[in-house]
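Below: model.txt (compact mmCIF, C-alpha atoms)
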# COMPACT_ATOMS: atom_id res chain seq x y z
CA MET B 1 36.48 -50.07 -72.96
CA VAL B 2 35.48 -46.49 -73.69
CA PRO B 3 34.93 -44.68 -70.35
CA PRO B 4 31.46 -43.27 -69.68
CA HIS B 5 30.79 -39.58 -70.16
CA PRO B 6 27.87 -38.53 -67.93
CA GLU B 7 27.68 -35.12 -69.60
CA ILE B 8 26.30 -36.74 -72.78
CA ALA B 9 22.54 -37.14 -72.40
CA ASP B 10 20.97 -40.59 -72.41
CA PRO B 11 19.41 -41.30 -75.81
CA PRO B 12 15.67 -41.99 -76.02
CA PRO B 13 14.48 -45.45 -77.13
CA SER B 14 13.66 -44.04 -80.58
CA THR B 15 17.30 -43.19 -81.27
CA PRO B 16 18.39 -44.42 -84.74
CA PRO B 17 20.49 -47.62 -84.67
CA HIS B 18 23.83 -45.94 -85.37
CA GLU B 19 23.29 -43.33 -82.66
CA ALA B 20 22.14 -46.00 -80.24
CA LEU B 21 25.32 -47.95 -80.97
CA LEU B 22 27.45 -44.89 -80.27
CA ALA B 23 25.55 -44.28 -77.04
CA LEU B 24 26.32 -47.81 -75.88
CA LEU B 25 30.00 -47.50 -76.78
CA ARG B 26 30.20 -44.20 -74.91
CA GLY B 27 29.02 -46.02 -71.80
CA GLU B 28 25.50 -44.64 -71.66
CA PRO B 29 22.66 -46.84 -70.33
CA LEU B 30 20.29 -48.08 -72.97
CA ARG B 31 17.63 -50.77 -72.48
CA LEU B 32 16.28 -52.35 -75.65
CA ASP B 33 15.56 -55.83 -74.29
CA ASP B 34 11.85 -55.57 -75.21
CA ASP B 35 12.47 -54.15 -78.68
CA HIS B 36 13.70 -56.76 -81.16
CA ALA B 37 13.64 -54.43 -84.17
CA SER B 38 15.71 -51.71 -82.51
CA SER B 39 18.11 -54.30 -81.06
CA ALA B 40 18.56 -55.85 -84.50
CA GLY B 41 19.23 -52.37 -85.90
CA VAL B 42 21.98 -51.82 -83.34
CA LEU B 43 23.57 -55.16 -84.24
CA ALA B 44 23.36 -54.33 -87.95
CA ALA B 45 25.10 -51.00 -87.30
CA ALA B 46 27.76 -52.75 -85.22
CA LEU B 47 28.40 -55.23 -88.03
CA VAL B 48 28.83 -52.42 -90.55
CA GLU B 49 31.23 -50.61 -88.23
CA ASP B 50 33.03 -53.83 -87.24
CA VAL B 51 32.57 -53.21 -83.51
CA VAL B 52 30.47 -56.20 -82.43
CA PRO B 53 33.16 -57.41 -79.96
CA LEU B 54 33.23 -53.92 -78.42
CA LEU B 55 29.44 -53.94 -78.21
CA HIS B 56 29.59 -57.29 -76.43
CA ALA B 57 32.12 -55.95 -73.95
CA ARG B 58 29.89 -52.97 -73.21
CA LEU B 59 26.81 -55.13 -72.69
CA ALA B 60 28.73 -57.56 -70.48
CA GLY B 61 30.22 -54.69 -68.46
CA ASP B 62 26.84 -53.23 -67.50
CA PRO B 63 24.17 -55.93 -67.76
CA ASP B 64 21.66 -53.92 -65.74
CA GLY B 65 22.00 -50.66 -67.63
CA CYS B 66 22.64 -51.91 -71.18
CA ARG B 67 20.59 -54.64 -72.79
CA LEU B 68 19.45 -55.77 -76.20
CA HIS B 69 16.69 -58.21 -77.03
CA PRO B 70 17.78 -61.68 -75.78
CA ASP B 71 17.83 -63.18 -79.28
CA VAL B 72 19.98 -60.35 -80.61
CA GLN B 73 22.20 -60.36 -77.55
CA ALA B 74 22.84 -64.07 -78.05
CA ARG B 75 23.97 -63.31 -81.60
CA VAL B 76 26.33 -60.62 -80.30
CA VAL B 77 27.85 -63.10 -77.85
CA HIS B 78 28.31 -65.69 -80.61
CA ILE B 79 30.12 -63.22 -82.89
CA ALA B 80 32.32 -61.92 -80.07
CA LEU B 81 33.35 -65.41 -78.98
CA GLY B 82 34.21 -66.25 -82.58
CA ALA B 83 36.36 -63.14 -82.84
CA ALA B 84 38.16 -64.08 -79.62
CA ALA B 85 38.89 -67.58 -80.96
CA VAL B 86 40.25 -66.19 -84.24
CA GLU B 87 42.41 -63.73 -82.31
CA VAL B 88 44.18 -66.60 -80.55
CA ALA B 89 45.25 -67.97 -83.94
CA ARG B 90 46.24 -64.54 -85.23
CA GLN B 91 48.30 -63.72 -82.17
CA ARG B 92 50.23 -66.96 -82.56
CA GLU B 93 50.72 -66.29 -86.28
CA VAL B 94 51.91 -62.69 -85.93
CA THR B 95 54.31 -63.70 -83.16
CA SER B 96 55.75 -66.43 -85.38
CA VAL B 97 56.07 -64.14 -88.42
CA LEU B 98 57.87 -61.46 -86.43
CA GLN B 99 60.27 -63.99 -84.94
CA HIS B 100 61.09 -65.48 -88.35
CA LEU B 101 61.67 -61.98 -89.76
CA ALA B 102 63.98 -61.18 -86.83
CA ASP B 103 65.90 -64.41 -87.41
CA ALA B 104 66.36 -63.26 -91.02
CA GLY B 105 67.72 -59.91 -89.84
CA VAL B 106 64.54 -57.87 -90.34
CA ARG B 107 62.99 -56.05 -87.37
CA PRO B 108 59.92 -54.25 -88.69
CA VAL B 109 57.77 -51.75 -86.85
CA LEU B 110 54.07 -52.56 -86.53
CA PHE B 111 51.55 -49.79 -87.09
CA LYS B 112 47.79 -49.31 -87.41
CA GLY B 113 45.36 -51.95 -86.13
CA THR B 114 47.40 -54.88 -84.82
CA PRO B 115 49.69 -53.02 -82.38
CA LEU B 116 46.75 -50.88 -81.23
CA ALA B 117 44.79 -54.05 -80.46
CA TYR B 118 47.58 -55.19 -78.13
CA THR B 119 48.43 -51.85 -76.51
CA ILE B 120 45.35 -49.63 -76.06
CA TYR B 121 42.40 -52.05 -76.02
CA PRO B 122 41.60 -54.21 -72.96
CA GLU B 123 41.50 -57.31 -75.16
CA PRO B 124 42.99 -57.59 -78.67
CA SER B 125 39.85 -59.21 -80.10
CA LEU B 126 38.02 -55.93 -79.39
CA ARG B 127 39.98 -54.32 -82.24
CA PRO B 128 39.09 -56.24 -85.45
CA ARG B 129 41.33 -55.72 -88.50
CA ALA B 130 41.80 -57.32 -91.88
CA ASP B 131 45.59 -57.50 -91.84
CA THR B 132 48.78 -56.74 -89.97
CA ASP B 133 50.70 -53.72 -91.25
CA LEU B 134 54.43 -53.47 -90.74
CA ILE B 135 57.09 -51.22 -92.18
CA VAL B 136 60.63 -52.21 -93.15
CA ARG B 137 63.55 -50.46 -94.79
CA PRO B 138 63.51 -50.66 -98.61
CA ALA B 139 66.67 -52.77 -98.52
CA GLU B 140 64.86 -55.34 -96.35
CA VAL B 141 61.86 -55.88 -98.63
CA ASP B 142 63.38 -58.80 -100.53
CA THR B 143 64.37 -60.59 -97.31
CA ALA B 144 60.90 -60.05 -95.86
CA GLN B 145 59.37 -61.37 -99.07
CA ARG B 146 61.49 -64.53 -99.04
CA THR B 147 60.77 -65.12 -95.36
CA LEU B 148 57.01 -64.84 -95.77
CA ARG B 149 57.01 -67.07 -98.83
CA ALA B 150 58.94 -69.68 -96.85
CA LEU B 151 56.18 -69.52 -94.22
CA GLY B 152 53.56 -70.36 -96.84
CA TYR B 153 52.41 -66.84 -97.73
CA SER B 154 51.54 -65.85 -101.28
CA GLU B 155 51.02 -62.46 -102.94
CA PRO B 156 47.67 -61.51 -104.47
CA PRO B 157 47.71 -59.32 -107.60
CA PHE B 158 48.91 -55.89 -106.51
CA CYS B 159 50.83 -52.92 -107.91
CA ASP B 160 53.34 -52.88 -105.08
CA ASP B 161 55.69 -50.34 -106.65
CA LEU B 162 52.82 -47.88 -107.04
CA HIS B 163 51.58 -48.30 -103.47
CA GLY B 164 54.85 -48.71 -101.60
CA GLN B 165 53.70 -51.93 -100.00
CA MET B 166 53.42 -55.62 -100.72
CA PRO B 167 50.51 -57.74 -99.39
CA PHE B 168 50.89 -61.35 -98.35
CA GLU B 169 48.28 -63.85 -97.22
CA ARG B 170 47.83 -67.46 -96.27
CA LEU B 171 45.13 -69.76 -94.96
CA ASP B 172 46.15 -71.82 -91.95
CA PRO B 173 45.01 -75.45 -91.41
CA SER B 174 42.13 -74.30 -89.20
CA GLY B 175 40.78 -72.09 -91.96
CA VAL B 176 41.84 -68.74 -90.49
CA ARG B 177 43.07 -66.24 -93.08
CA HIS B 178 46.25 -64.36 -92.19
CA ALA B 179 47.28 -61.22 -94.07
CA VAL B 180 50.50 -59.25 -93.69
CA ASP B 181 51.14 -55.96 -95.50
CA VAL B 182 54.84 -55.18 -95.82
CA HIS B 183 55.30 -51.42 -96.29
CA TRP B 184 58.38 -49.41 -97.11
CA ARG B 185 56.37 -46.17 -97.18
CA VAL B 186 53.45 -45.34 -94.88
CA SER B 187 51.38 -44.13 -97.84
CA ALA B 188 51.24 -44.18 -101.63
CA HIS B 189 50.24 -40.50 -101.69
CA PRO B 190 53.28 -38.20 -101.96
CA ILE B 191 51.73 -35.69 -99.54
CA PHE B 192 51.49 -38.36 -96.83
CA ALA B 193 54.37 -40.68 -97.74
CA SER B 194 56.95 -38.84 -95.66
CA ILE B 195 54.89 -37.78 -92.64
CA VAL B 196 56.93 -40.30 -90.69
CA SER B 197 59.75 -42.42 -92.06
CA GLY B 198 60.64 -45.97 -91.26
CA ASP B 199 63.81 -44.76 -89.56
CA GLU B 200 61.83 -42.44 -87.30
CA LEU B 201 59.40 -45.20 -86.41
CA ASP B 202 62.35 -47.50 -85.72
CA ARG B 203 64.13 -45.04 -83.40
CA GLU B 204 61.11 -44.51 -81.15
CA ALA B 205 59.42 -47.89 -81.46
CA ALA B 206 57.95 -49.43 -78.32
CA ALA B 207 57.96 -53.10 -77.39
CA VAL B 208 54.77 -55.17 -77.66
CA PRO B 209 55.47 -58.09 -75.29
CA ALA B 210 52.20 -59.90 -76.08
CA LEU B 211 53.47 -60.47 -79.64
CA GLY B 212 56.87 -61.81 -78.67
CA PRO B 213 60.34 -60.41 -78.02
CA SER B 214 60.73 -59.16 -81.60
CA ALA B 215 57.50 -57.15 -81.71
CA ARG B 216 57.77 -53.37 -81.85
CA ALA B 217 55.11 -50.77 -82.51
CA ALA B 218 54.96 -47.11 -83.50
CA ALA B 219 55.36 -44.78 -80.52
CA ALA B 220 52.26 -43.06 -79.14
CA THR B 221 52.71 -39.72 -80.94
CA HIS B 222 53.46 -41.43 -84.26
CA ALA B 223 50.55 -43.83 -83.79
CA LEU B 224 48.15 -40.96 -83.06
CA LEU B 225 49.28 -38.95 -86.09
CA LEU B 226 48.91 -41.98 -88.36
CA ALA B 227 45.46 -42.69 -86.90
CA CYS B 228 44.39 -39.08 -87.46
CA VAL B 229 45.53 -38.93 -91.09
CA HIS B 230 44.47 -42.45 -92.06
CA PRO B 231 40.86 -41.63 -93.08
CA ALA B 232 41.91 -38.68 -95.27
CA MET B 233 45.03 -40.44 -96.53
CA HIS B 234 43.41 -43.65 -97.77
CA HIS B 235 39.62 -43.42 -97.44
CA ARG B 236 38.55 -39.99 -98.72
CA ASN B 237 37.96 -38.79 -95.18
CA ALA B 238 35.38 -41.45 -94.36
CA THR B 239 34.26 -41.62 -90.74
CA ARG B 240 34.30 -45.04 -89.10
CA VAL B 241 33.57 -45.74 -85.46
CA LEU B 242 36.56 -48.06 -85.08
CA TRP B 243 39.00 -45.43 -86.38
CA LEU B 244 37.52 -42.80 -84.05
CA LEU B 245 37.90 -45.22 -81.13
CA ASP B 246 41.57 -45.68 -82.02
CA ILE B 247 42.05 -41.91 -81.90
CA HIS B 248 40.00 -41.60 -78.70
CA LEU B 249 41.99 -44.25 -76.84
CA LEU B 250 45.38 -43.02 -78.10
CA ALA B 251 44.59 -39.40 -77.24
CA SER B 252 43.21 -40.37 -73.83
CA GLN B 253 46.59 -41.90 -72.94
CA LEU B 254 48.70 -38.91 -73.97
CA SER B 255 50.18 -36.66 -71.29
CA PRO B 256 50.27 -32.85 -71.73
CA PRO B 257 53.91 -33.03 -72.93
CA GLY B 258 52.86 -35.86 -75.25
CA PHE B 259 50.19 -33.63 -76.79
CA ASP B 260 52.80 -30.91 -77.29
CA ARG B 261 55.05 -33.36 -79.15
CA PHE B 262 52.09 -34.55 -81.20
CA ALA B 263 51.10 -31.01 -82.20
CA ALA B 264 54.69 -30.16 -83.10
CA LEU B 265 54.97 -33.31 -85.21
CA ALA B 266 51.66 -32.72 -87.02
CA THR B 267 52.60 -29.11 -87.73
CA SER B 268 56.13 -29.89 -88.92
CA ARG B 269 54.74 -32.52 -91.33
CA SER B 270 52.03 -30.15 -92.66
CA MET B 271 49.26 -32.31 -91.21
CA ALA B 272 47.84 -29.85 -88.67
CA ALA B 273 44.46 -29.33 -90.37
CA VAL B 274 43.89 -33.06 -90.91
CA ALA B 275 44.91 -33.84 -87.33
CA ALA B 276 42.66 -31.10 -85.91
CA HIS B 277 39.72 -32.37 -87.96
CA SER B 278 40.11 -35.98 -86.77
CA LEU B 279 40.55 -34.94 -83.13
CA ALA B 280 37.50 -32.67 -83.26
CA VAL B 281 35.27 -35.38 -84.79
CA THR B 282 36.50 -37.87 -82.19
CA ALA B 283 35.86 -35.48 -79.33
CA ALA B 284 32.36 -34.75 -80.62
CA THR B 285 31.62 -38.49 -80.89
CA PHE B 286 33.22 -39.89 -77.75
CA GLY B 287 33.74 -36.88 -75.48
CA THR B 288 37.53 -37.18 -75.72
CA VAL B 289 39.23 -34.73 -73.39
CA LEU B 290 41.67 -32.66 -75.44
CA PRO B 291 43.78 -29.66 -74.42
CA GLU B 292 42.09 -26.67 -76.05
CA ARG B 293 45.46 -25.07 -76.71
CA ILE B 294 46.39 -28.04 -78.90
CA LEU B 295 43.31 -27.74 -81.09
CA THR B 296 43.79 -23.97 -81.26
CA ALA B 297 47.41 -24.37 -82.32
CA LEU B 298 46.57 -26.97 -84.96
CA ARG B 299 43.67 -24.94 -86.35
CA SER B 300 45.81 -21.83 -86.64
CA VAL B 301 47.99 -23.41 -89.31
CA GLU B 302 46.98 -22.44 -92.84
CA GLY B 303 47.97 -23.27 -96.38
CA GLU B 304 48.69 -26.98 -95.99
CA ALA B 305 48.36 -29.02 -99.16
CA SER B 306 47.03 -31.98 -97.14
CA ALA B 307 43.95 -29.95 -96.14
CA ALA B 308 42.57 -30.56 -99.64
CA TYR B 309 42.02 -34.18 -98.60
CA LEU B 310 39.35 -33.00 -96.15
CA GLN B 311 37.14 -31.67 -98.92
CA PRO B 312 33.92 -33.65 -99.51
CA ASP B 313 33.11 -35.63 -102.65
CA ARG B 314 36.70 -36.38 -103.58
CA ARG B 315 37.18 -39.00 -106.28
CA TRP B 316 40.06 -40.99 -107.74
CA ARG B 317 40.86 -38.18 -110.19
CA HIS B 318 41.38 -35.74 -107.29
CA GLU B 319 43.74 -38.15 -105.55
CA THR B 320 45.67 -38.74 -108.77
CA LEU B 321 46.01 -35.05 -109.62
CA ASP B 322 47.15 -34.22 -106.08
CA SER B 323 49.69 -37.02 -106.21
CA LEU B 324 51.07 -35.78 -109.53
CA ARG B 325 51.16 -32.19 -108.30
CA HIS B 326 53.30 -33.03 -105.28
CA MET B 327 55.80 -35.41 -106.85
CA ALA B 328 59.39 -34.25 -106.84
CA SER B 329 60.20 -34.65 -110.54
CA TRP B 330 58.71 -35.27 -113.97
CA ARG B 331 60.44 -38.64 -113.98
CA ASP B 332 58.43 -39.62 -110.89
CA ARG B 333 55.23 -38.37 -112.51
CA LEU B 334 55.81 -40.34 -115.70
CA HIS B 335 56.62 -43.47 -113.72
CA PHE B 336 53.45 -43.00 -111.67
CA LEU B 337 51.27 -42.63 -114.78
CA ARG B 338 52.90 -45.63 -116.45
CA GLU B 339 52.22 -47.80 -113.40
CA ILE B 340 48.56 -46.75 -113.44
CA ALA B 341 48.02 -47.27 -117.16
CA PHE B 342 50.44 -50.12 -117.87
CA PRO B 343 51.24 -52.12 -114.73
CA SER B 344 53.60 -55.06 -114.98
CA ARG B 345 52.81 -58.12 -117.07
CA HIS B 346 52.99 -60.21 -113.92
CA TYR B 347 50.25 -58.10 -112.34
CA MET B 348 48.05 -58.19 -115.44
CA ARG B 349 48.40 -61.97 -115.82
CA ALA B 350 47.38 -62.46 -112.20
CA ARG B 351 44.65 -59.79 -112.22
CA TYR B 352 42.97 -61.23 -115.32
CA ASP B 353 43.72 -64.84 -114.41
CA LEU B 354 45.64 -65.48 -117.63
CA GLY B 355 47.95 -68.06 -116.11
CA ASP B 356 50.51 -69.27 -118.63
CA ARG B 357 48.39 -68.42 -121.66
CA THR B 358 49.94 -66.71 -124.63
CA THR B 359 51.15 -63.16 -124.30
CA ALA B 360 49.00 -62.34 -127.34
CA LEU B 361 46.14 -61.70 -124.90
CA LEU B 362 48.06 -59.06 -122.96
CA PRO B 363 47.36 -56.16 -125.36
CA LEU B 364 43.65 -56.94 -125.12
CA VAL B 365 43.57 -56.87 -121.33
CA TYR B 366 45.59 -53.64 -121.24
CA VAL B 367 43.02 -52.06 -123.58
CA HIS B 368 40.20 -53.40 -121.40
CA ARG B 369 41.84 -51.91 -118.30
CA LEU B 370 42.25 -48.50 -119.94
CA LEU B 371 38.70 -48.40 -121.28
CA ARG B 372 37.12 -49.63 -118.06
CA GLY B 373 39.18 -47.31 -115.86
CA GLY B 374 38.58 -44.36 -118.15
CA TRP B 375 34.82 -44.93 -118.20
CA ARG B 376 34.65 -45.26 -114.41
CA THR B 377 36.65 -42.06 -114.03
CA LEU B 378 34.44 -40.12 -116.47
CA THR B 379 31.24 -41.33 -114.78
CA GLY B 380 32.54 -40.53 -111.28
CA ARG B 381 32.49 -44.15 -110.10
CA LYS B 382 36.26 -44.44 -109.63

What is this file in structure tokens?
Amino acid sequence: MVPPHPEIADPPPSTPPHEALLALLRGEPLRLDDDHASSAGVLAAALVEDVVPLLHARLAGDPDGCRLHPDVQARVVHIALGAAAVEVARQREVTSVLQHLADAGVRPVLFKGTPLAYTIYPEPSLRPRADTDLIVRPAEVDTAQRTLRALGYSEPPFCDDLHGQMPFERLDPSGVRHAVDVHWRVSAHPIFASIVSGDELDREAAAVPALGPSARAAAATHALLLACVHPAMHHRNATRVLWLLDIHLLASQLSPPGFDRFAALATSRSMAAVAAHSLAVTAATFGTVLPERILTALRSVEGEASAAYLQPDRRWRHETLDSLRHMASWRDRLHFLREIAFPSRHYMRARYDLGDRTTALLPLVYVHRLLRGGWRTLTGRK
């Protein structure tokens, strides 16, 4: 759980729902047991931010200082217990998948939500996530694909070559959805794709015993850098409470030498500005204790191309132009544009649910894709 920070003032009862939620997660006392509307607002904010299990843990950890209206609190308990039950199934599934991959000669490295849930949170169900991300060597992708298919996983429509990853999913007999994203690059964006390679993650990977003998996760400095760049890298620098908590908990566990290694890594990969931004927002939100010299060093770096991703109001066209600008060759650029405009027939058949129907329909759906995508781009909705 996030440790309390007494230096942050207690919020008044009129605090907006999102701020009240943050106050609770910071460990500040807040009594709303006589206010159903405000309590419901806090729950609504927690649902949007996907932190209801964390909210439950906070309320359970300080029942005298933190309360919501009984009806709302009962709903929080119900959701948290459901998340804990689902986590049991997911833990069993991830352990099985990793063991089958190891038996096939593939030992991936876990990164993002799943390994964080099992290493920095008191209970894994406190860290909700939609899928399990793992990275393998490019030569291992086919083996990983065959192994997952043999376990009953299927692939939804996806331009895997464009994104450097391949999603898999299955529904188990109890109705729990399991999703595994097999990466061979950490990002589809050229600026971020090489911030840490699979080989680097492999060399410094740490064991995750709770997920079986084959489970390995990104080392602390790698995990923190990936957590810091994730919002800018894939979500146009959106701020989400859960992502800030990841950064807060990872940074809170780093030693002074660990911070030095982190700063050196962020700087050498031209991610200093992005890392400094994420750390500063986290510290402002959760009171994270950071060495001032680290923030100073990161902020002193100038001229990084990745800093453009911190600019507000970015759209798909900005991401595309930046990707094209930082590709190594014109061949890569042409391939990238072809994948955007004319993805594979397999993808188009699946995306438009054509099944085995005649290929005569394919030109029509390609035209539809181009017109729809072009209109969304021109109107700023893409």

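Proximity of B:Ala297, B:Leu242, B:Leu279, B:Leu290 to Leu21 (chain B), computed with only C-alpha atoms, is greatest for B:Leu242.
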
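Those DNA, RNA and protein residues that approach the point (54.5, -69.4, -88.3) to within 12 Å, considering only C-alpha atoms, are Ala89, Arg90, Gln91, Arg92, Glu93, Val94, Thr95, Ser96, Val97, Leu98, Gln99, His100, Leu101, Thr147, Leu148, Arg149, Ala150, Leu151, Gly152, Tyr153, Arg170, Leu171, Asp172, Pro173 and His178 of chain B.
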
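Using all atoms listed in the file for every distance, the candidate list B:Leu59, B:Asp199, B:Ser125, B:Ala117 yields B:Asp199 as the residue closest to Pro138 (chain B).
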
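Our summary of the geometry notes that CA of Ala45 (chain B) is positioned 19.9 Å from CA of Gly65 (chain B).
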
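Between CA of Phe111 (chain B) and CA of Pro256 (chain B) the separation is 22.9 Å.
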